[in-house]
Amino acid sequence: MSNKIMDGKAIAAAIKIEIAKEVAAMIDADVKAPHLAAILVGTNPASETYVVSKKKACQDVGMTSTTYRLEETVSEAELISTIKFLNEDPDIDGFIVQLPLPDHINTDKIIESIDPSKDVDGFHPQNIGRMQLGLPTYLPATPFGIAELLKRSNIDLDGKHCVVLGRSNIVGTPISILLSRKNKYGNATVTLCHSRSKDIGNFTRQADVLIAAIGQPDYVKADMVKPGAIVIDVGIHRIEDNTLEKGYRLTGDVDFKSVFPIVDKITPVPGGVGPMTIVSLLQNTLSAAKRLIYQ
Ligand code: GUN
């Protein structure tokens with residue numbers, strides 16, 4: 001593989017070995033295996049894929065996992081009562097509610113009903129607040145994965161200009177906070193661009209590190225990237241392509257083909273940020289089981 005490629009899959013595999021060792025040590029010491037649960041509402045195909053990947057990742061490291069499947073039509077009250085059940089079940093160390101939720105459910109209300117000590121997605125306002133203040137917390141999985149990917153690729157962000165595209169609650173906003181903080185991942189100067197930003201290329205061309213989490217296929221073109229930049233592609237999109245046997249290709253938020261020649265480093269799609277996100281969830285589940293953040 002080109003040494004320009006940041007191989008998230010390989011780095012995630014190495015972290016999984018570290019986690020598996022810790023899980024094995026817990027079991028050797030007669031402590032139960034960490035237990036992650038996921039609530040999946042409806043049959044969104046992307047959510048199904050994520051939940052299956054998370055379950056498989058748990059198996060790979062010796063953790064227990066349980067999936068709670070609820071109908072698309074489930075009421076908010078029923079979903080909250082499932083969450084309350086998991087909040088109180090001492091066998092569950094951490095759980096996630098897979099997003100997006102159907103439109104009739106208020107996502108903010110759902111996230112607020114999760115016990116912060118079991119919120120291994122790090123989405124609860126208390127955990128987001130703790131991250132903002134630099135207190136120990138569960139970091140949201142994608143930002144955590146990106147930060148680890150940069151760190152383990154020996155990319156020092158100290159004083160670098162990092163431009164983030166997209167201000168979602170699960171990626172753009174938390175990664176911009178994390179990388180600008182005074183912490184082991186941070187010390188960058190961060191610019192956060194979003195749908196109302198004007199002349200986005202003017203910002204992206206100044207980025208030493210460009211993080212694309214805008215949700216639009218092939219959005220970042222070569223003329224938007226500074227030569228020698230580091231590019232992190234958070235997007236993953238299925239594009240119909242009947243010339244391929246499977247009928248589609250996967251692409252990110254970055255037009256990889258045109259951008260690759262001019263960068264110092266870039267993450268591929270698939271095999272970049274995705275595997276790092278999943279391994280970060282395992283890391284948070286291990287922290288939950290070991291009561292490292294909340295006693
Ligand atoms: N949907 C897209 N990304 C995520 C994630 O990291 N966690 C959850 N729960 N849902 C998601």
# chains A, B, ... in the order shown; residues from 1 in each chain; ligands from 1
$ residues_around --residues "Lys32 (chain A)" --least-positions-apart "6" --cutoff "10 Å" --atoms "only C-alpha atoms" --output "list in words"
Val23, Ala24, Met26, Met63, Thr64, Asp91 and Ala289 of chain A
$ closest_atom_pairs --of "chain A" --to "ligand 1" --cutoff "6 Å" --atoms "only C-alpha atoms and all ligand atoms" --output "JSON lines"
{"residue": "A:Ile96", "atom": "CA", "partner": "ligand 1", "partner_atom_place_in_ligand_line": "9 (N)", "distance": 5.1}
{"residue": "A:Val97", "atom": "CA", "partner": "ligand 1", "partner_atom_place_in_ligand_line": "9 (N)", "distance": 4.7}
{"residue": "A:Gln98", "atom": "CA", "partner": "ligand 1", "partner_atom_place_in_ligand_line": "9 (N)", "distance": 3.6}
{"residue": "A:Leu99", "atom": "CA", "partner": "ligand 1", "partner_atom_place_in_ligand_line": "10 (N)", "distance": 3.8}
{"residue": "A:Pro100", "atom": "CA", "partner": "ligand 1", "partner_atom_place_in_ligand_line": "1 (N)", "distance": 5.9}
{"residue": "A:Asp121", "atom": "CA", "partner": "ligand 1", "partner_atom_place_in_ligand_line": "7 (N)", "distance": 5.8}
{"residue": "A:Ala141", "atom": "CA", "partner": "ligand 1", "partner_atom_place_in_ligand_line": "6 (O)", "distance": 5.5}
$ write_last_selection --atoms "C-alpha atoms" --output "short mmCIF file (atom, residue, chain, number, x, y, z; two decimals), in the first residue's frame"
data_model
loop_
_atom_site.label_atom_id
_atom_site.label_comp_id
_atom_site.auth_asym_id
_atom_site.auth_seq_id
_atom_site.Cartn_x
_atom_site.Cartn_y
_atom_site.Cartn_z
CA ILE A 96 -25.74 2.91 21.92
CA VAL A 97 -28.90 3.95 20.15
CA GLN A 98 -28.09 3.71 16.46
CA LEU A 99 -28.86 6.96 14.61
CA PRO A 100 -30.69 8.22 12.64
CA ASP A 121 -21.19 6.88 21.99
CA ALA A 141 -16.45 7.28 18.31
#
$ closest_residue --among "A:Thr66, A:Ser47, A:Thr142, A:Gln132" --to "Ile232 (chain A)" --atoms "only C-alpha atoms"
A:Thr142
$ closest_atom_pairs --of "region 4-46 of chain A" --to "region 67-74 of chain A" --cutoff "10 Å" --atoms "only C-alpha atoms" --output "tab-separated table"
residue	atom	partner	partner_atom	distance
A:Leu36	CA	A:Thr67	CA	8.7
A:Ala37	CA	A:Thr67	CA	5.7
A:Ala38	CA	A:Thr67	CA	4.8
A:Ile39	CA	A:Tyr68	CA	4.7
A:Leu40	CA	A:Arg69	CA	4.9
A:Val41	CA	A:Leu70	CA	4.7
A:Gly42	CA	A:Glu72	CA	3.9
A:Thr43	CA	A:Glu72	CA	7.2
A:Asn44	CA	A:Glu72	CA	9.2
$ residues_around --residues "Asn127 (chain A)" --least-positions-apart "6" --cutoff "7 Å" --atoms "only C-alpha atoms" --output "ChimeraX atom specification"
/A:116,137-138
$ residues_around --residues "region 183-199 of chain A" --least-positions-apart "5" --cutoff "9 Å" --atoms "only C-alpha atoms" --output "NGL selection string"
:A and (134 or 147-148 or 150-151 or 156-167 or 172-173 or 176-178 or 204 or 207 or 214)
$ write_last_selection --atoms "C-alpha atoms" --output "mmCIF file, in the first residue's frame"
data_model
loop_
_atom_site.group_PDB
_atom_site.id
_atom_site.type_symbol
_atom_site.label_atom_id
_atom_site.label_comp_id
_atom_site.auth_asym_id
_atom_site.auth_seq_id
_atom_site.Cartn_x
_atom_site.Cartn_y
_atom_site.Cartn_z
ATOM 1 C CA GLY A 134 -11.177 18.415 28.947
ATOM 2 C CA ALA A 147 -7.722 11.554 16.606
ATOM 3 C CA GLU A 148 -6.170 8.113 17.243
ATOM 4 C CA LEU A 150 -3.628 10.910 13.398
ATOM 5 C CA LYS A 151 -1.753 10.153 16.599
ATOM 6 C CA ASP A 156 1.524 16.172 15.320
ATOM 7 C CA LEU A 157 -1.280 18.719 15.179
ATOM 8 C CA ASP A 158 0.444 21.239 17.446
ATOM 9 C CA GLY A 159 -0.046 24.657 15.840
ATOM 10 C CA LYS A 160 -1.352 23.185 12.583
ATOM 11 C CA HIS A 161 -4.367 24.625 10.807
ATOM 12 C CA CYS A 162 -7.107 22.046 10.751
ATOM 13 C CA VAL A 163 -10.195 22.734 8.640
ATOM 14 C CA VAL A 164 -13.314 20.690 9.384
ATOM 15 C CA LEU A 165 -16.129 20.505 6.845
ATOM 16 C CA GLY A 166 -19.504 19.820 8.478
ATOM 17 C CA ARG A 167 -20.873 20.676 11.920
ATOM 18 C CA GLY A 172 -17.852 17.902 12.807
ATOM 19 C CA THR A 173 -18.654 19.714 16.042
ATOM 20 C CA SER A 176 -13.408 20.595 16.074
ATOM 21 C CA ILE A 177 -13.566 20.809 19.871
ATOM 22 C CA LEU A 178 -11.258 17.836 20.459
ATOM 23 C CA THR A 204 -9.797 24.368 2.655
ATOM 24 C CA ALA A 207 -5.677 23.564 5.679
ATOM 25 C CA ILE A 214 -19.998 17.065 4.939
#
$ closest_residue --among "A:Thr243, A:Ser75, A:Thr277, A:Asn154" --to "Met6 (chain A)" --atoms "only C-alpha atoms"
A:Asn154
$ closest_residue --among "A:Met131, A:Ile170, A:Ala222, A:Val234" --to "Lys182 (chain A)" --atoms "only C-alpha atoms"
A:Met131
$ closest_residue --among "A:Leu139, A:Ile200, A:Leu86, A:Ala229" --to "Ile155 (chain A)" --atoms "only C-alpha atoms"
A:Ala229
$ closest_residue --among "A:Lys265, A:Lys109, A:His104, A:His124" --to "Leu210 (chain A)" --atoms "only C-alpha atoms"
A:Lys265
$ select_by_dssp --residues "region 149-233 of chain A" --states "helix (DSSP H, G or I)" --output "MDAnalysis selection string"
chainID A and resid 149:152 172:180 200:204 222:224
$ atom_distance --atom1 "CA of Ile19 (chain A)" --atom2 "CA of Thr49 (chain A)"
22.3 Å
$ closest_residue --among "A:Arg249, A:Lys21, A:Arg205, A:Arg130" --to "Pro174 (chain A)" --atoms "only C-alpha atoms"
A:Arg130
$ residues_around --residues "Ser113 (chain A)" --least-positions-apart "2" --cutoff "8 Å" --atoms "only C-alpha atoms" --output "ChimeraX atom specification"
/A:80,83-84,109-111,115
